[in-house]
>>> print(open('run-v9.pdb').read())   # PDB, C-alpha atoms and all ligand atoms
ATOM      1  CA  MET A   1     102.728  83.090  86.810
ATOM      2  CA  ASP A   2     105.629  83.672  89.140
ATOM      3  CA  ASN A   3     104.299  83.146  92.603
ATOM      4  CA  ARG A   4     102.628  79.747  92.555
ATOM      5  CA  ASN A   5     103.494  78.966  96.134
ATOM      6  CA  ALA A   6     103.590  82.087  98.195
ATOM      7  CA  LYS A   7     102.770  80.128 101.353
ATOM      8  CA  ASN A   8     105.518  77.834 102.599
ATOM      9  CA  ASN A   9     103.456  74.884 103.780
ATOM     10  CA  GLY A  10     106.236  73.238 105.697
ATOM     11  CA  ASN A  11     107.925  71.505 102.785
ATOM     12  CA  ASP A  12     111.640  72.043 102.208
ATOM     13  CA  GLN A  13     111.265  74.077  99.021
ATOM     14  CA  VAL A  14     111.774  77.773  99.632
ATOM     15  CA  ALA A  15     108.774  79.673  98.274
ATOM     16  CA  PRO A  16     109.477  82.791  96.189
ATOM     17  CA  PRO A  17     108.746  85.901  98.245
ATOM     18  CA  LEU A  18     105.488  87.756  97.890
ATOM     19  CA  ARG A  19     106.368  91.323  96.881
ATOM     20  CA  LEU A  20     104.250  94.035  98.519
ATOM     21  CA  LEU A  21     104.525  97.741  97.760
ATOM     22  CA  ILE A  22     103.080 100.095 100.384
ATOM     23  CA  VAL A  23     101.954 103.452  98.974
ATOM     24  CA  GLY A  24      99.940 106.439 100.191
ATOM     25  CA  GLN A  25     100.039 110.008 101.332
ATOM     26  CA  LYS A  26     102.610 111.180 103.901
ATOM     27  CA  ARG A  27     101.964 110.356 107.570
ATOM     28  CA  THR A  28      99.168 107.898 106.943
ATOM     29  CA  GLY A  29     100.840 104.932 108.676
ATOM     30  CA  LYS A  30     102.673 103.256 105.746
ATOM     31  CA  SER A  31     105.856 102.358 107.644
ATOM     32  CA  SER A  32     103.772 101.128 110.576
ATOM     33  CA  VAL A  33     101.836  98.851 108.182
ATOM     34  CA  GLY A  34     105.145  97.391 106.949
ATOM     35  CA  ASN A  35     106.285  96.829 110.529
ATOM     36  CA  THR A  36     102.997  95.239 111.607
ATOM     37  CA  ILE A  37     103.014  92.889 108.612
ATOM     38  CA  LEU A  38     106.640  91.849 109.124
ATOM     39  CA  GLY A  39     106.252  91.686 112.925
ATOM     40  CA  LYS A  40     109.413  93.748 113.485
ATOM     41  CA  GLU A  41     110.668  97.338 113.395
ATOM     42  CA  ALA A  42     111.863  97.173 109.789
ATOM     43  CA  PHE A  43     110.981 100.772 108.822
ATOM     44  CA  ASN A  44     111.407 103.921 110.833
ATOM     45  CA  THR A  45     108.312 105.883 111.784
ATOM     46  CA  TRP A  46     109.964 109.241 112.472
ATOM     47  CA  GLY A  47     108.630 110.477 109.169
ATOM     48  CA  GLY A  48     109.989 111.787 105.902
ATOM     49  CA  ALA A  49     112.138 108.744 105.117
ATOM     50  CA  LYS A  50     113.015 107.689 101.558
ATOM     51  CA  SER A  51     111.587 104.482 100.080
ATOM     52  CA  ALA A  52     113.052 101.395 101.732
ATOM     53  CA  VAL A  53     112.899  97.634 101.348
ATOM     54  CA  ALA A  54     112.782  94.903 103.991
ATOM     55  CA  HIS A  55     112.531  91.123 103.862
ATOM     56  CA  GLY A  56     111.118  88.682 106.356
ATOM     57  CA  GLU A  57     108.827  85.804 107.110
ATOM     58  CA  SER A  58     105.346  86.440 108.415
ATOM     59  CA  GLU A  59     102.538  83.982 109.099
ATOM     60  CA  GLY A  60     104.305  81.285 107.055
ATOM     61  CA  ARG A  61     104.930  83.512 104.024
ATOM     62  CA  GLN A  62     108.219  84.838 102.701
ATOM     63  CA  LEU A  63     107.784  88.535 102.094
ATOM     64  CA  MET A  64     109.569  91.380 100.415
ATOM     65  CA  VAL A  65     108.050  94.670 101.537
ATOM     66  CA  VAL A  66     108.784  98.063  99.993
ATOM     67  CA  ASP A  67     107.728 101.117 101.990
ATOM     68  CA  ALA A  68     107.375 103.908  99.413
ATOM     69  CA  CYS A  69     108.140 107.506 100.245
ATOM     70  CA  GLY A  70     104.800 109.217 100.988
ATOM     71  CA  TRP A  71     103.181 111.534  98.485
ATOM     72  CA  GLY A  72     102.054 115.118  99.021
ATOM     73  CA  THR A  73      98.761 116.946  98.790
ATOM     74  CA  ASN A  74      99.072 118.703  95.419
ATOM     75  CA  GLU A  75      95.906 117.702  93.580
ATOM     76  CA  ASN A  76      96.604 119.452  90.271
ATOM     77  CA  LEU A  77      99.990 118.038  89.386
ATOM     78  CA  VAL A  78     102.457 115.504  90.673
ATOM     79  CA  PRO A  79     105.827 117.155  91.397
ATOM     80  CA  LYS A  80     108.710 115.633  89.438
ATOM     81  CA  GLN A  81     110.485 114.558  92.614
ATOM     82  CA  GLU A  82     107.408 112.597  93.701
ATOM     83  CA  LYS A  83     107.225 110.817  90.341
ATOM     84  CA  LEU A  84     110.893 109.859  90.620
ATOM     85  CA  GLU A  85     110.289 108.572  94.163
ATOM     86  CA  LEU A  86     107.382 106.466  92.943
ATOM     87  CA  PHE A  87     109.467 104.956  90.138
ATOM     88  CA  ASN A  88     112.302 104.373  92.580
ATOM     89  CA  ALA A  89     109.969 102.503  94.954
ATOM     90  CA  LEU A  90     108.755 100.378  92.029
ATOM     91  CA  SER A  91     112.306  99.556  91.030
ATOM     92  CA  LEU A  92     113.021  98.368  94.575
ATOM     93  CA  CYS A  93     110.561  95.520  94.060
ATOM     94  CA  GLU A  94     111.764  94.379  90.644
ATOM     95  CA  PRO A  95     110.367  92.785  88.518
ATOM     96  CA  GLY A  96     107.265  94.435  90.066
ATOM     97  CA  PRO A  97     105.049  94.207  93.138
ATOM     98  CA  HIS A  98     102.451  91.438  93.285
ATOM     99  CA  ILE A  99     100.145  93.695  95.272
ATOM    100  CA  LEU A 100     100.099  97.401  96.137
ATOM    101  CA  LEU A 101      98.786  98.217  99.595
ATOM    102  CA  LEU A 102      97.240 101.667  99.425
ATOM    103  CA  VAL A 103      97.215 103.094 102.940
ATOM    104  CA  ILE A 104      94.244 105.224 104.008
ATOM    105  CA  PRO A 105      93.739 106.284 107.638
ATOM    106  CA  LEU A 106      90.321 105.783 109.177
ATOM    107  CA  LEU A 107      89.555 109.489 109.198
ATOM    108  CA  HIS A 108      87.634 111.732 106.890
ATOM    109  CA  PHE A 109      88.617 111.161 103.232
ATOM    110  CA  SER A 110      88.339 114.531 101.525
ATOM    111  CA  HIS A 111      87.738 115.343  97.889
ATOM    112  CA  SER A 112      91.220 116.875  97.593
ATOM    113  CA  GLU A 113      92.812 113.722  99.081
ATOM    114  CA  LYS A 114      90.948 111.711  96.469
ATOM    115  CA  ALA A 115      92.135 114.031  93.675
ATOM    116  CA  ALA A 116      95.761 113.855  94.866
ATOM    117  CA  LEU A 117      95.579 110.054  95.082
ATOM    118  CA  GLN A 118      93.986 109.756  91.635
ATOM    119  CA  LYS A 119      96.768 111.846  90.066
ATOM    120  CA  ARG A 120      99.450 109.580  91.570
ATOM    121  CA  MET A 121      97.682 106.352  90.599
ATOM    122  CA  GLU A 122      97.210 107.623  87.030
ATOM    123  CA  ILE A 123     101.003 107.646  86.657
ATOM    124  CA  LEU A 124     100.872 103.904  87.264
ATOM    125  CA  THR A 125      98.169 103.402  84.565
ATOM    126  CA  GLU A 126      94.594 102.131  84.932
ATOM    127  CA  GLY A 127      95.936  98.565  85.164
ATOM    128  CA  VAL A 128      97.404  99.222  88.610
ATOM    129  CA  TRP A 129      93.945  98.992  90.216
ATOM    130  CA  ARG A 130      93.845  95.229  89.520
ATOM    131  CA  HIS A 131      96.767  94.896  91.908
ATOM    132  CA  THR A 132      95.664  97.390  94.543
ATOM    133  CA  MET A 133      94.089  96.789  97.911
ATOM    134  CA  VAL A 134      93.228  99.463 100.489
ATOM    135  CA  VAL A 135      94.675  99.076 103.973
ATOM    136  CA  PHE A 136      92.865 101.216 106.516
ATOM    137  CA  THR A 137      95.117 102.265 109.381
ATOM    138  CA  LEU A 138      94.092 103.616 112.809
ATOM    139  CA  GLY A 139      91.963 100.497 113.222
ATOM    140  CA  ASP A 140      91.843 101.362 116.956
ATOM    141  CA  ARG A 141      89.482 104.234 116.082
ATOM    142  CA  LEU A 142      86.799 101.781 114.947
ATOM    143  CA  ARG A 143      85.009 101.224 118.208
ATOM    144  CA  ASP A 144      81.239 101.168 117.982
ATOM    145  CA  CYS A 145      81.185 101.537 114.224
ATOM    146  CA  SER A 146      81.820  98.820 111.623
ATOM    147  CA  ILE A 147      84.109  99.410 108.658
ATOM    148  CA  GLN A 148      81.083  99.092 106.354
ATOM    149  CA  ASP A 149      79.342 101.910 108.283
ATOM    150  CA  HIS A 150      82.496 104.013 108.028
ATOM    151  CA  ILE A 151      82.675 103.528 104.246
ATOM    152  CA  GLN A 152      79.003 104.438 103.913
ATOM    153  CA  THR A 153      79.184 107.546 106.080
ATOM    154  CA  VAL A 154      82.493 109.022 104.894
ATOM    155  CA  GLY A 155      80.993 109.782 101.510
ATOM    156  CA  LYS A 156      81.259 109.377  97.770
ATOM    157  CA  ASP A 157      85.024 109.935  97.442
ATOM    158  CA  LEU A 158      85.791 106.931  99.615
ATOM    159  CA  GLN A 159      83.104 104.949  97.793
ATOM    160  CA  TRP A 160      84.789 105.861  94.496
ATOM    161  CA  LEU A 161      88.047 104.442  95.880
ATOM    162  CA  MET A 162      86.301 101.289  97.069
ATOM    163  CA  GLU A 163      84.859 100.752  93.603
ATOM    164  CA  LYS A 164      88.289 101.245  91.984
ATOM    165  CA  CYS A 165      89.668  98.558  94.296
ATOM    166  CA  ARG A 166      86.575  96.350  93.871
ATOM    167  CA  TYR A 167      85.947  96.577  97.621
ATOM    168  CA  ARG A 168      89.244  94.867  98.457
ATOM    169  CA  TYR A 169      90.266  96.331 101.779
ATOM    170  CA  HIS A 170      91.559  95.359 105.186
ATOM    171  CA  VAL A 171      91.708  97.178 108.533
ATOM    172  CA  LEU A 172      94.911  97.224 110.619
ATOM    173  CA  ASN A 173      95.521  98.511 114.103
ATOM    174  CA  ASN A 174      99.240  99.231 114.143
ATOM    175  CA  LYS A 175      99.117  99.863 117.888
ATOM    176  CA  THR A 176      98.622  96.125 118.415
ATOM    177  CA  PRO A 177     101.216  94.510 116.126
ATOM    178  CA  GLN A 178     101.134  91.402 118.353
ATOM    179  CA  ASP A 179      97.620  90.711 116.994
ATOM    180  CA  ARG A 180      98.742  88.340 114.254
ATOM    181  CA  GLN A 181      95.213  87.447 113.206
ATOM    182  CA  GLN A 182      94.832  90.845 111.557
ATOM    183  CA  VAL A 183      98.035  90.149 109.584
ATOM    184  CA  SER A 184      97.094  86.640 108.501
ATOM    185  CA  GLY A 185      93.697  87.996 107.405
ATOM    186  CA  LEU A 186      95.447  90.607 105.282
ATOM    187  CA  LEU A 187      97.863  88.096 103.742
ATOM    188  CA  ASP A 188      94.987  85.709 102.941
ATOM    189  CA  ARG A 189      93.258  88.558 101.096
ATOM    190  CA  VAL A 190      96.504  89.355  99.258
ATOM    191  CA  GLU A 191      96.834  85.739  98.148
ATOM    192  CA  ASP A 192      93.224  85.685  96.923
ATOM    193  CA  MET A 193      93.983  88.759  94.800
ATOM    194  CA  LEU A 194      97.114  87.153  93.450
ATOM    195  CA  MET A 195      95.078  84.113  92.396
ATOM    196  CA  GLU A 196      92.453  86.347  90.750
ATOM    197  CA  ASN A 197      95.307  87.953  88.787
ATOM    198  CA  GLY A 198      96.598  84.560  87.658
ATOM    199  CA  GLY A 199      99.717  85.044  89.769
ATOM    200  CA  TRP A 200     100.907  87.984  87.686
ATOM    201  CA  HIS A 201     102.683  90.911  89.265
ATOM    202  CA  PHE A 202     102.195  94.573  88.328
ATOM    203  CA  SER A 203     104.485  95.807  85.554
ATOM    204  CA  LEU A 204     104.393  99.495  84.656
ATOM    205  CA  HIS A 205     106.183  98.814  81.375
ATOM    206  CA  MET A 206     103.632  96.198  80.314
ATOM    207  CA  TYR A 207     100.550  98.276  81.200
ATOM    208  CA  CYS A 208     101.989 101.391  79.475
ATOM    209  CA  ARG A 209     102.499  99.338  76.313
ATOM    210  CA  LEU A 210      98.974  97.931  76.563
ATOM    211  CA  GLU A 211      97.469 101.429  76.937
ATOM    212  CA  GLU A 212      99.445 102.656  73.904
ATOM    213  CA  GLU A 213      98.301  99.648  71.906
ATOM    214  CA  TRP A 214      94.627 100.192  72.850
ATOM    215  CA  SER A 215      94.694 103.845  71.852
ATOM    216  CA  ARG A 216      96.477 103.001  68.578
ATOM    217  CA  ARG A 217      93.818 100.391  67.713
ATOM    218  CA  GLU A 218      91.012 102.763  68.693
ATOM    219  CA  ARG A 219      92.462 105.497  66.459
ATOM    220  CA  GLU A 220      92.890 103.106  63.518
ATOM    221  CA  MET A 221      89.403 101.688  63.881
ATOM    222  CA  LYS A 222      87.783 105.136  63.979
ATOM    223  CA  GLU A 223      89.776 106.186  60.889
ATOM    224  CA  ARG A 224      88.725 103.038  59.019
ATOM    225  CA  ILE A 225      85.055 103.547  59.885
ATOM    226  CA  LEU A 226      85.189 107.189  58.784
ATOM    227  CA  GLU A 227      86.897 106.229  55.488
ATOM    228  CA  ARG A 228      84.329 103.509  54.794
ATOM    229  CA  HIS A 229      81.431 105.870  55.390
ATOM    230  CA  ASP A 230      83.062 108.648  53.365
ATOM    231  CA  GLU A 231      83.187 106.226  50.416
ATOM    232  CA  ALA A 232      79.600 105.113  51.008
ATOM    233  CA  GLY A 233      78.569 108.781  51.117
ATOM    234  CA  LYS A 234      80.127 109.444  47.725
ATOM    235  CA  THR A 235      78.324 106.521  46.065
ATOM    236  CA  SER A 236      74.890 106.747  47.676
ATOM    237  CA  ARG A 237      72.650 109.465  46.341
ATOM    238  CA  GLY A 238      70.436 111.362  48.764
ATOM    239  CA  LEU A 239      71.927 109.736  51.879
ATOM    240  CA  ALA A 240      74.240 112.076  53.704
ATOM    241  CA  VAL A 241      76.680 110.284  55.939
ATOM    242  CA  ILE A 242      77.563 112.497  58.857
ATOM    243  CA  PRO A 243      80.090 111.007  61.229
ATOM    244  CA  ASN A 244      80.346 112.669  64.591
ATOM    245  CA  HIS A 245      81.373 111.794  68.130
ATOM    246  CA  SER A 246      78.586 111.248  70.609
ATOM    247  CA  GLN A 247      78.802 112.803  74.058
ATOM    248  CA  LYS A 248      79.542 109.400  75.526
ATOM    249  CA  GLY A 249      82.635 109.073  73.325
ATOM    250  CA  GLY A 250      81.112 106.553  70.890
ATOM    251  CA  LEU A 251      81.155 107.165  67.157
ATOM    252  CA  ARG A 252      77.850 108.022  65.457
ATOM    253  CA  VAL A 253      77.196 107.709  61.758
ATOM    254  CA  ASN A 254      73.776 108.861  60.530
ATOM    255  CA  ASP A 255      72.648 108.818  64.153
ATOM    256  CA  THR A 256      73.555 105.158  64.625
ATOM    257  CA  LEU A 257      75.876 104.606  67.545
ATOM    258  CA  LEU A 258      78.730 102.363  66.482
ATOM    259  CA  LYS A 259      80.152 100.241  69.248
ATOM    260  CA  LEU A 260      83.911  99.631  69.080
ATOM    261  CA  VAL A 261      84.927  96.190  70.250
ATOM    262  CA  TYR A 262      88.557  95.547  71.144
ATOM    263  CA  HIS A 263      90.284  92.223  71.184
ATOM    264  CA  GLY A 264      93.517  92.906  72.986
TER     265      GLY A 264
HETATM  266  N1  LIG B 301      96.663 105.056 116.836
HETATM  267  C1  LIG B 301      97.298 104.638 115.751
HETATM  268  N2  LIG B 301      98.380 105.302 115.308
HETATM  269  C2  LIG B 301      99.007 104.835 114.185
HETATM  270  C3  LIG B 301      98.541 103.706 113.454
HETATM  271  N3  LIG B 301      99.357 103.519 112.403
HETATM  272  C4  LIG B 301     100.284 104.497 112.453
HETATM  273  N4  LIG B 301     100.092 105.289 113.537
HETATM  274  C5  LIG B 301     100.893 106.461 113.945
HETATM  275  O1  LIG B 301     100.892 107.406 112.883
HETATM  276  C6  LIG B 301     102.157 108.066 112.822
HETATM  277  C7  LIG B 301     102.690 107.940 111.401
HETATM  278  O2  LIG B 301     103.001 106.581 111.162
HETATM  279  P1  LIG B 301     104.071 106.139 110.061
HETATM  280  O3  LIG B 301     103.976 104.661 109.974
HETATM  281  O4  LIG B 301     105.414 106.716 110.346
HETATM  282  O5  LIG B 301     103.445 106.857 108.791
HETATM  283  P2  LIG B 301     104.096 106.999 107.336
HETATM  284  O6  LIG B 301     102.974 107.028 106.385
HETATM  285  O7  LIG B 301     105.140 105.963 107.144
HETATM  286  O8  LIG B 301     104.775 108.435 107.448
HETATM  287  P3  LIG B 301     105.828 109.050 106.389
HETATM  288  O9  LIG B 301     106.903 108.040 106.166
HETATM  289  O10 LIG B 301     106.309 110.301 107.072
HETATM  290  O11 LIG B 301     105.058 109.370 105.136
HETATM  291  C8  LIG B 301     103.051 107.413 113.850
HETATM  292  O12 LIG B 301     103.082 108.217 114.998
HETATM  293  C9  LIG B 301     102.352 106.091 114.143
HETATM  294  O13 LIG B 301     102.586 105.623 115.463
HETATM  295  C10 LIG B 301      97.380 103.001 113.969
HETATM  296  O14 LIG B 301      96.889 102.009 113.418
HETATM  297  N5  LIG B 301      96.804 103.517 115.104
HETATM  298 MG    MG B 302     107.190 106.175 106.681
END
>>> encode(input="run-v9.pdb", output="structure tokens")
Amino acid sequence: MDNRNAKNNGNDQVAPPLRLLIVGQKRTGKSSVGNTILGKEAFNTWGGAKSAVAHGESEGRQLMVVDACGWGTNENLVPKQEKLELFNALSLCEPGPHILLLVIPLLHFSHSEKAALQKRMEILTEGVWRHTMVVFTLGDRLRDCSIQDHIQTVGKDLQWLMEKCRYRYHVLNNKTPQDRQQVSGLLDRVEDMLMENGGWHFSLHMYCRLEEEWSRREREMKERILERHDEAGKTSRGLAVIPNHSQKGGLRVNDTLLKLVYHG
């Protein structure tokens, strides 16, 4: 745990900064989110800027905020330059961000936007979702409609995203940065997530190693099961042991679905 005391409660000890990484598609309001959170013009909003880092104090918390260069709309592959930009943004918040703020404007969320987002998040491994919260921008557009209604009506792609983030989201209106309640609400949510994660920050290196380890164990276990049943097949007369893979990805032997249990 490396962020036991993100909130400086007035004692003299300087709390370690909470590291936030702001990601999302181009022109969605990422820099504005950074500025609203920090309560100052830390990032430029002219567009097209490279990833940048800013420090500051906001609502009693020491913060380090990285505004990542926005990603594009290609839903089939992630251009090499975009991958490098993503890694560069990660390296700006070494040893890793506590929380990623994934910026989504309160507009229609299309299937191709979802596909493009999924491709970028996959680079960061499945583990990144534990550290990700959605920040809806253009909060000023929510007039007569609640955010829950918006999520319901926008459709299944946004609902998919909500499920990935376990419904952790917050709405910001960047046109009223003086509204500090919206910022303290967001930072409270961030701290709750940090507690749920035992204080651990996101580490791409660690999650990549974990994914490799899981697939290695899965491979070994399947091989061992197949070997064992091959031997059993040789010794038992009349019982044909036919291993195959079920449609759901489980392993079936003689029509019995074997469940693989991992202890990792
Ligand atoms: N009405 C409204 N406009 C917003 C809001 N947030 C951002 N904008 C506007 O959206 C535009 C883009 O905002 P940025 O913060 O520069 O977006 P970005 O994602 O950093 O853009 P890139 O760095 O080019 O990827 C700017 O004109 C902002 O003023 C919001 O909550 N409400
Ligand atoms: Mg920007």
>>> closest_atom_pairs(input="run-v9.pdb", of="range 43-88 of chain A", to="range 104-120 of chain A", cutoff="6 Å", atoms="all atoms listed in the file", output="CSV")
residue,atom,partner,partner_atom,distance
A:Thr73,CA,A:Ala116,CA,5.8
A:Asn74,CA,A:Ala116,CA,5.9
A:Glu75,CA,A:Ala116,CA,4.1
>>> atom_distance(input="run-v9.pdb", atom1="CA of Val128 in chain A", atom2="CA of Asp157 in chain A")
18.6 Å
>>> residues_around(input="run-v9.pdb", residues="Glu211 in chain A", least_positions_apart="2", cutoff="12 Å", atoms="only C-alpha atoms", output="list in words")
Glu122, Leu124, Thr125, Glu126, Gly127, Val128, Leu204, His205, Met206, Tyr207, Cys208, Arg209, Glu213, Trp214, Ser215, Arg216, Arg217, Glu218 and Gly264 of chain A
>>> resolve_selection(input="run-v9.pdb", expression="the PyMOL selection byres (((not hetatm)) within 7 of (chain B and resi 302))", output="ChimeraX atom specification")
/A:27,29-31,43-45,47-49,67,69-70
>>> write_last_selection(input="run-v9.pdb", atoms="C-alpha atoms", output="PDB file, in the frame of the given file")
ATOM      1  CA  ARG A  27     101.964 110.356 107.570  1.00  0.00           C
ATOM      2  CA  GLY A  29     100.840 104.932 108.676  1.00  0.00           C
ATOM      3  CA  LYS A  30     102.673 103.256 105.746  1.00  0.00           C
ATOM      4  CA  SER A  31     105.856 102.358 107.644  1.00  0.00           C
ATOM      5  CA  PHE A  43     110.981 100.772 108.822  1.00  0.00           C
ATOM      6  CA  ASN A  44     111.407 103.921 110.833  1.00  0.00           C
ATOM      7  CA  THR A  45     108.312 105.883 111.784  1.00  0.00           C
ATOM      8  CA  GLY A  47     108.630 110.477 109.169  1.00  0.00           C
ATOM      9  CA  GLY A  48     109.989 111.787 105.902  1.00  0.00           C
ATOM     10  CA  ALA A  49     112.138 108.744 105.117  1.00  0.00           C
ATOM     11  CA  ASP A  67     107.728 101.117 101.990  1.00  0.00           C
ATOM     12  CA  CYS A  69     108.140 107.506 100.245  1.00  0.00           C
ATOM     13  CA  GLY A  70     104.800 109.217 100.988  1.00  0.00           C
TER      14      GLY A  70
END
>>> resolve_selection(input="run-v9.pdb", expression="the PyMOL selection byres (((chain A and resi 191) around 12) and not hetatm)", output="count of residues only")
33
>>> closest_residue(input="run-v9.pdb", among="A:Thr137, A:Ser51, A:Ser146, A:Asn88", to="ligand LIG 301 (chain B)", atoms="only C-alpha atoms and all ligand atoms")
A:Thr137
>>> atom_distance(input="run-v9.pdb", atom1="CA of Lys26 in chain A", atom2="CA of Glu59 in chain A")
27.7 Å
>>> closest_residue(input="run-v9.pdb", among="A:His229, A:Arg219, A:Arg224, A:Lys175", to="Arg141 in chain A", atoms="only C-alpha atoms")
A:Lys175
>>> resolve_selection(input="run-v9.pdb", expression="the PyMOL selection byres (((chain A and resi 39) around 10) and not hetatm)", output="PyMOL selection string")
chain A and resi 33-38+40-42+56-59+177-180+183
>>> atom_distance(input="run-v9.pdb", atom1="CA of Val171 in chain A", atom2="CA of Val135 in chain A")
5.8 Å
>>> residues_around(input="run-v9.pdb", residues="Lys164 in chain A", least_positions_apart="6", cutoff="9 Å", atoms="all atoms listed in the file", output="list in words")
Trp129, Arg130 and Thr132 of chain A
>>> write_last_selection(input="run-v9.pdb", atoms="C-alpha atoms", output="compact mmCIF listing (two decimals), in the coordinates of the input")
# COMPACT_ATOMS: atom_id res chain seq x y z
CA TRP A 129 93.94 98.99 90.22
CA ARG A 130 93.84 95.23 89.52
CA THR A 132 95.66 97.39 94.54
>>> residues_near_point(input="run-v9.pdb", point="(112.9, 100.9, 93.9)", cutoff="10 Å", atoms="only C-alpha atoms", output="NGL selection string")
:A and (21 or 51-53 or 66-68 or 84-94 or 96)
>>> closest_residue(input="run-v9.pdb", among="A:Gly139, A:Gly155, A:Pro16, A:Gly60", to="ligand LIG 301 (chain B)", atoms="all atoms listed in the file")
A:Gly139
>>> closest_residue(input="run-v9.pdb", among="A:Arg143, A:Leu158, A:Thr176, A:Glu163", to="ligand LIG 301 (chain B)", atoms="all atoms listed in the file")
A:Thr176
>>> decode(input="run-v9.pdb", residues="range 42-56 of chain A", atoms="N, CA and C atoms", output="tab-separated table (two decimals), in the first residue's frame")
chain	number	residue	atom	x	y	z
A	42	ALA	N	-4.04	24.29	-15.70
A	42	ALA	CA	-2.78	23.54	-15.74
A	42	ALA	C	-2.51	22.99	-17.15
A	43	PHE	N	-3.55	22.64	-17.88
A	43	PHE	CA	-3.39	22.02	-19.21
A	43	PHE	C	-4.07	22.88	-20.26
A	44	ASN	N	-3.45	22.94	-21.43
A	44	ASN	CA	-4.09	23.78	-22.46
A	44	ASN	C	-5.22	23.02	-23.15
A	45	THR	N	-6.23	23.77	-23.56
A	45	THR	CA	-7.41	23.14	-24.16
A	45	THR	C	-7.54	23.54	-25.64
A	46	TRP	N	-6.40	23.88	-26.24
A	46	TRP	CA	-6.45	24.23	-27.68
A	46	TRP	C	-6.57	22.97	-28.53
A	47	GLY	N	-6.16	21.85	-27.93
A	47	GLY	CA	-6.29	20.59	-28.66
A	47	GLY	C	-4.97	20.11	-29.23
A	48	GLY	N	-4.88	18.77	-29.32
A	48	GLY	CA	-3.73	18.14	-29.96
A	48	GLY	C	-2.43	18.16	-29.17
A	49	ALA	N	-2.50	18.51	-27.88
A	49	ALA	CA	-1.25	18.59	-27.10
A	49	ALA	C	-0.75	17.19	-26.73
A	50	LYS	N	0.56	17.12	-26.45
A	50	LYS	CA	1.16	15.85	-26.00
A	50	LYS	C	0.75	15.63	-24.53
A	51	SER	N	1.05	14.43	-24.02
A	51	SER	CA	0.73	14.15	-22.62
A	51	SER	C	1.52	15.12	-21.72
A	52	ALA	N	0.88	15.53	-20.63
A	52	ALA	CA	1.53	16.50	-19.74
A	52	ALA	C	1.18	16.17	-18.30
A	53	VAL	N	2.03	16.64	-17.39
A	53	VAL	CA	1.81	16.37	-15.97
A	53	VAL	C	1.70	17.69	-15.21
A	54	ALA	N	0.85	17.71	-14.19
A	54	ALA	CA	0.73	18.90	-13.35
A	54	ALA	C	0.49	18.46	-11.91
A	55	HIS	N	0.97	19.26	-10.98
A	55	HIS	CA	0.81	18.96	-9.56
A	55	HIS	C	-0.03	20.05	-8.92
A	56	GLY	N	-0.66	19.74	-7.80
A	56	GLY	CA	-1.39	20.77	-7.09
A	56	GLY	C	-2.14	20.20	-5.91
